[in-house]
Amino acid sequence: HPSRRGAMADAAAAIEEELEALEALYPDDGLVVRRAGDAREDGSGASTADEKTVRHTTVSLDVAPRTLDDETQQYVRATLCITLGDDYPAAPPTVRLSNVRGLDDTRQAEVRRRLDDACRDFSSDEPVLALLCETAFETLTELNRPDGDCAFCLAPVADADDADASAVPFIKLMRCYHCFHENCFARWWRWRAAAAAEASAERGAHHEAASESEGKARPPTHLCPVCRVAIEDEDVRHVKLDGDGDGDGGDDSDGGETAVAAAGSTSERARRARFEAAMAEQRAKGGLIEEGAGEGFVFTPGARASDFATVSVSSAPSVSVPAPRPPPPPRARAGP
């Protein structure tokens, strides 16, 4: 029908104008636009024409907090994926997140909620793609903080409830966005570097030269303690890896200050209170073996646990006493 074709042409023109506006707004943010009808990048082996081309127009945008291009201060990141259905712009598009880094489940749900709200407020008279992109940027900027515990000391990386949370310095790996206390990470880094150097010395220079001549890549010496991805020098270029520690995992000069600051955080105090409550409950039920409860027990070679009588343990040392064995049964006498 001519009127229907005219409406479709107007919709296609509006979509194209909106896509061009996005390309002008986000030239350096990894924007990828794949228009309906474009050839698929992986469609070389497709059997039909529909499988060789993109069916729906899709927009993907790399979204990170706005920190004046200081990537070391970006603790969250995600790729915003928008799919325009056949009925767009009469109906809102489909939105999802992929390649999420640094966002826990709670904050991911918050990002999706705000994107869904933007779609619900959608009006076909106004462009929505730019609104969704700006909503994602603003939300990630607001939620830009490290989350979770340091994998080394198990204390919170940062406590948003405390005004002096910055007293405990932390770092972020540039590739996987996992965060650790700077002092903990530096000590671990030096320990791993020393272990790798020792292993290389044990293998000998001949082994290293043979591997290089065969074109074998040298295995990475450092892997992320959380996700096991290889850590490159570029990932830690912003981290102070040298220090006063001995490099063997021992305490550095500021390790005590880091532990004290982490222990004084609100979340750490709450966690310790929960732990003490659980310990008290287990102690009341008799599920804990107190320190020193095993003193005084002596086991002789060849003895079995069933051979020992139960002995009450007091503050004074006690010695286990073997339980008396019953006399053996009399043997039956053979007949004449």
# chains A, B, ... in the order shown; residues from 1 in each chain; ligands from 1
>>> select_by_dssp(residues="segment 27-166 of chain A", states="strand (DSSP E)", output="ChimeraX atom specification")
/A:32-34,57-63,77-84,94-101
>>> residues_around(residues="Ser98 of chain A", least_positions_apart="3", cutoff="7 Å", atoms="only C-alpha atoms", output="list in words")
Ala78, Thr79 and Leu80 of chain A
>>> decode(residues="segment 73-98 of chain A", atoms="N, CA, C and O atoms", output="PDB file, in the first residue's frame")
ATOM      1  N   GLN A  73      40.888   5.615  37.489  1.00  0.00           N
ATOM      2  CA  GLN A  73      39.803   5.927  38.418  1.00  0.00           C
ATOM      3  C   GLN A  73      38.473   5.352  37.960  1.00  0.00           C
ATOM      4  O   GLN A  73      37.434   5.677  38.532  1.00  0.00           O
ATOM      5  N   GLN A  74      38.489   4.514  36.941  1.00  0.00           N
ATOM      6  CA  GLN A  74      37.273   3.862  36.456  1.00  0.00           C
ATOM      7  C   GLN A  74      37.242   2.441  37.007  1.00  0.00           C
ATOM      8  O   GLN A  74      38.057   1.604  36.629  1.00  0.00           O
ATOM      9  N   TYR A  75      36.289   2.162  37.885  1.00  0.00           N
ATOM     10  CA  TYR A  75      36.208   0.866  38.552  1.00  0.00           C
ATOM     11  C   TYR A  75      35.084  -0.013  38.013  1.00  0.00           C
ATOM     12  O   TYR A  75      34.933  -1.152  38.473  1.00  0.00           O
ATOM     13  N   VAL A  76      34.285   0.507  37.101  1.00  0.00           N
ATOM     14  CA  VAL A  76      33.198  -0.265  36.500  1.00  0.00           C
ATOM     15  C   VAL A  76      33.204  -0.004  34.998  1.00  0.00           C
ATOM     16  O   VAL A  76      33.683   1.040  34.533  1.00  0.00           O
ATOM     17  N   ARG A  77      32.660  -0.943  34.261  1.00  0.00           N
ATOM     18  CA  ARG A  77      32.597  -0.803  32.802  1.00  0.00           C
ATOM     19  C   ARG A  77      31.604  -1.824  32.271  1.00  0.00           C
ATOM     20  O   ARG A  77      31.406  -2.890  32.851  1.00  0.00           O
ATOM     21  N   ALA A  78      30.973  -1.512  31.137  1.00  0.00           N
ATOM     22  CA  ALA A  78      30.029  -2.437  30.514  1.00  0.00           C
ATOM     23  C   ALA A  78      29.809  -2.016  29.069  1.00  0.00           C
ATOM     24  O   ALA A  78      30.104  -0.876  28.682  1.00  0.00           O
ATOM     25  N   THR A  79      29.305  -2.933  28.290  1.00  0.00           N
ATOM     26  CA  THR A  79      28.921  -2.648  26.910  1.00  0.00           C
ATOM     27  C   THR A  79      27.400  -2.610  26.830  1.00  0.00           C
ATOM     28  O   THR A  79      26.734  -3.582  27.202  1.00  0.00           O
ATOM     29  N   LEU A  80      26.870  -1.491  26.387  1.00  0.00           N
ATOM     30  CA  LEU A  80      25.427  -1.318  26.227  1.00  0.00           C
ATOM     31  C   LEU A  80      25.032  -1.807  24.838  1.00  0.00           C
ATOM     32  O   LEU A  80      25.560  -1.333  23.831  1.00  0.00           O
ATOM     33  N   CYS A  81      24.115  -2.761  24.785  1.00  0.00           N
ATOM     34  CA  CYS A  81      23.658  -3.342  23.517  1.00  0.00           C
ATOM     35  C   CYS A  81      22.181  -3.003  23.317  1.00  0.00           C
ATOM     36  O   CYS A  81      21.344  -3.353  24.152  1.00  0.00           O
ATOM     37  N   ILE A  82      21.872  -2.342  22.218  1.00  0.00           N
ATOM     38  CA  ILE A  82      20.502  -1.912  21.910  1.00  0.00           C
ATOM     39  C   ILE A  82      20.108  -2.542  20.581  1.00  0.00           C
ATOM     40  O   ILE A  82      20.843  -2.437  19.591  1.00  0.00           O
ATOM     41  N   THR A  83      18.959  -3.191  20.566  1.00  0.00           N
ATOM     42  CA  THR A  83      18.433  -3.814  19.343  1.00  0.00           C
ATOM     43  C   THR A  83      17.126  -3.136  18.956  1.00  0.00           C
ATOM     44  O   THR A  83      16.205  -3.032  19.778  1.00  0.00           O
ATOM     45  N   LEU A  84      17.054  -2.671  17.724  1.00  0.00           N
ATOM     46  CA  LEU A  84      15.850  -2.015  17.219  1.00  0.00           C
ATOM     47  C   LEU A  84      14.980  -3.050  16.525  1.00  0.00           C
ATOM     48  O   LEU A  84      15.405  -3.657  15.533  1.00  0.00           O
ATOM     49  N   GLY A  85      13.781  -3.267  17.041  1.00  0.00           N
ATOM     50  CA  GLY A  85      12.873  -4.238  16.447  1.00  0.00           C
ATOM     51  C   GLY A  85      12.256  -3.728  15.159  1.00  0.00           C
ATOM     52  O   GLY A  85      12.463  -2.586  14.722  1.00  0.00           O
ATOM     53  N   ASP A  86      11.461  -4.602  14.540  1.00  0.00           N
ATOM     54  CA  ASP A  86      10.821  -4.227  13.280  1.00  0.00           C
ATOM     55  C   ASP A  86       9.853  -3.070  13.456  1.00  0.00           C
ATOM     56  O   ASP A  86       9.594  -2.319  12.497  1.00  0.00           O
ATOM     57  N   ASP A  87       9.285  -2.918  14.662  1.00  0.00           N
ATOM     58  CA  ASP A  87       8.291  -1.882  14.889  1.00  0.00           C
ATOM     59  C   ASP A  87       8.882  -0.612  15.499  1.00  0.00           C
ATOM     60  O   ASP A  87       8.145   0.281  15.909  1.00  0.00           O
ATOM     61  N   TYR A  88      10.210  -0.516  15.598  1.00  0.00           N
ATOM     62  CA  TYR A  88      10.826   0.721  16.089  1.00  0.00           C
ATOM     63  C   TYR A  88      10.749   1.769  14.981  1.00  0.00           C
ATOM     64  O   TYR A  88      10.942   1.444  13.812  1.00  0.00           O
ATOM     65  N   PRO A  89      10.439   3.035  15.291  1.00  0.00           N
ATOM     66  CA  PRO A  89      10.344   3.682  16.602  1.00  0.00           C
ATOM     67  C   PRO A  89       8.960   3.699  17.244  1.00  0.00           C
ATOM     68  O   PRO A  89       8.771   4.398  18.237  1.00  0.00           O
ATOM     69  N   ALA A  90       8.007   2.940  16.686  1.00  0.00           N
ATOM     70  CA  ALA A  90       6.686   2.915  17.316  1.00  0.00           C
ATOM     71  C   ALA A  90       6.724   2.206  18.661  1.00  0.00           C
ATOM     72  O   ALA A  90       5.905   2.480  19.542  1.00  0.00           O
ATOM     73  N   ALA A  91       7.671   1.298  18.861  1.00  0.00           N
ATOM     74  CA  ALA A  91       7.837   0.555  20.108  1.00  0.00           C
ATOM     75  C   ALA A  91       9.273   0.732  20.589  1.00  0.00           C
ATOM     76  O   ALA A  91      10.182   0.939  19.780  1.00  0.00           O
ATOM     77  N   PRO A  92       9.514   0.656  21.896  1.00  0.00           N
ATOM     78  CA  PRO A  92      10.868   0.858  22.423  1.00  0.00           C
ATOM     79  C   PRO A  92      11.804  -0.265  22.001  1.00  0.00           C
ATOM     80  O   PRO A  92      11.376  -1.378  21.699  1.00  0.00           O
ATOM     81  N   PRO A  93      13.093  -0.012  21.995  1.00  0.00           N
ATOM     82  CA  PRO A  93      14.057  -1.047  21.619  1.00  0.00           C
ATOM     83  C   PRO A  93      14.318  -2.014  22.773  1.00  0.00           C
ATOM     84  O   PRO A  93      13.855  -1.815  23.896  1.00  0.00           O
ATOM     85  N   THR A  94      15.061  -3.063  22.486  1.00  0.00           N
ATOM     86  CA  THR A  94      15.495  -4.032  23.496  1.00  0.00           C
ATOM     87  C   THR A  94      16.897  -3.659  23.960  1.00  0.00           C
ATOM     88  O   THR A  94      17.777  -3.389  23.148  1.00  0.00           O
ATOM     89  N   VAL A  95      17.080  -3.665  25.285  1.00  0.00           N
ATOM     90  CA  VAL A  95      18.349  -3.215  25.869  1.00  0.00           C
ATOM     91  C   VAL A  95      18.917  -4.317  26.756  1.00  0.00           C
ATOM     92  O   VAL A  95      18.183  -4.971  27.500  1.00  0.00           O
ATOM     93  N   ARG A  96      20.218  -4.519  26.688  1.00  0.00           N
ATOM     94  CA  ARG A  96      20.902  -5.469  27.571  1.00  0.00           C
ATOM     95  C   ARG A  96      22.335  -4.996  27.792  1.00  0.00           C
ATOM     96  O   ARG A  96      22.843  -4.135  27.064  1.00  0.00           O
ATOM     97  N   LEU A  97      22.991  -5.580  28.800  1.00  0.00           N
ATOM     98  CA  LEU A  97      24.388  -5.288  29.112  1.00  0.00           C
ATOM     99  C   LEU A  97      25.234  -6.530  28.838  1.00  0.00           C
ATOM    100  O   LEU A  97      24.796  -7.659  29.055  1.00  0.00           O
ATOM    101  N   SER A  98      26.445  -6.305  28.358  1.00  0.00           N
ATOM    102  CA  SER A  98      27.384  -7.404  28.141  1.00  0.00           C
ATOM    103  C   SER A  98      28.780  -6.938  28.541  1.00  0.00           C
ATOM    104  O   SER A  98      29.027  -5.743  28.714  1.00  0.00           O
TER     105      SER A  98
END
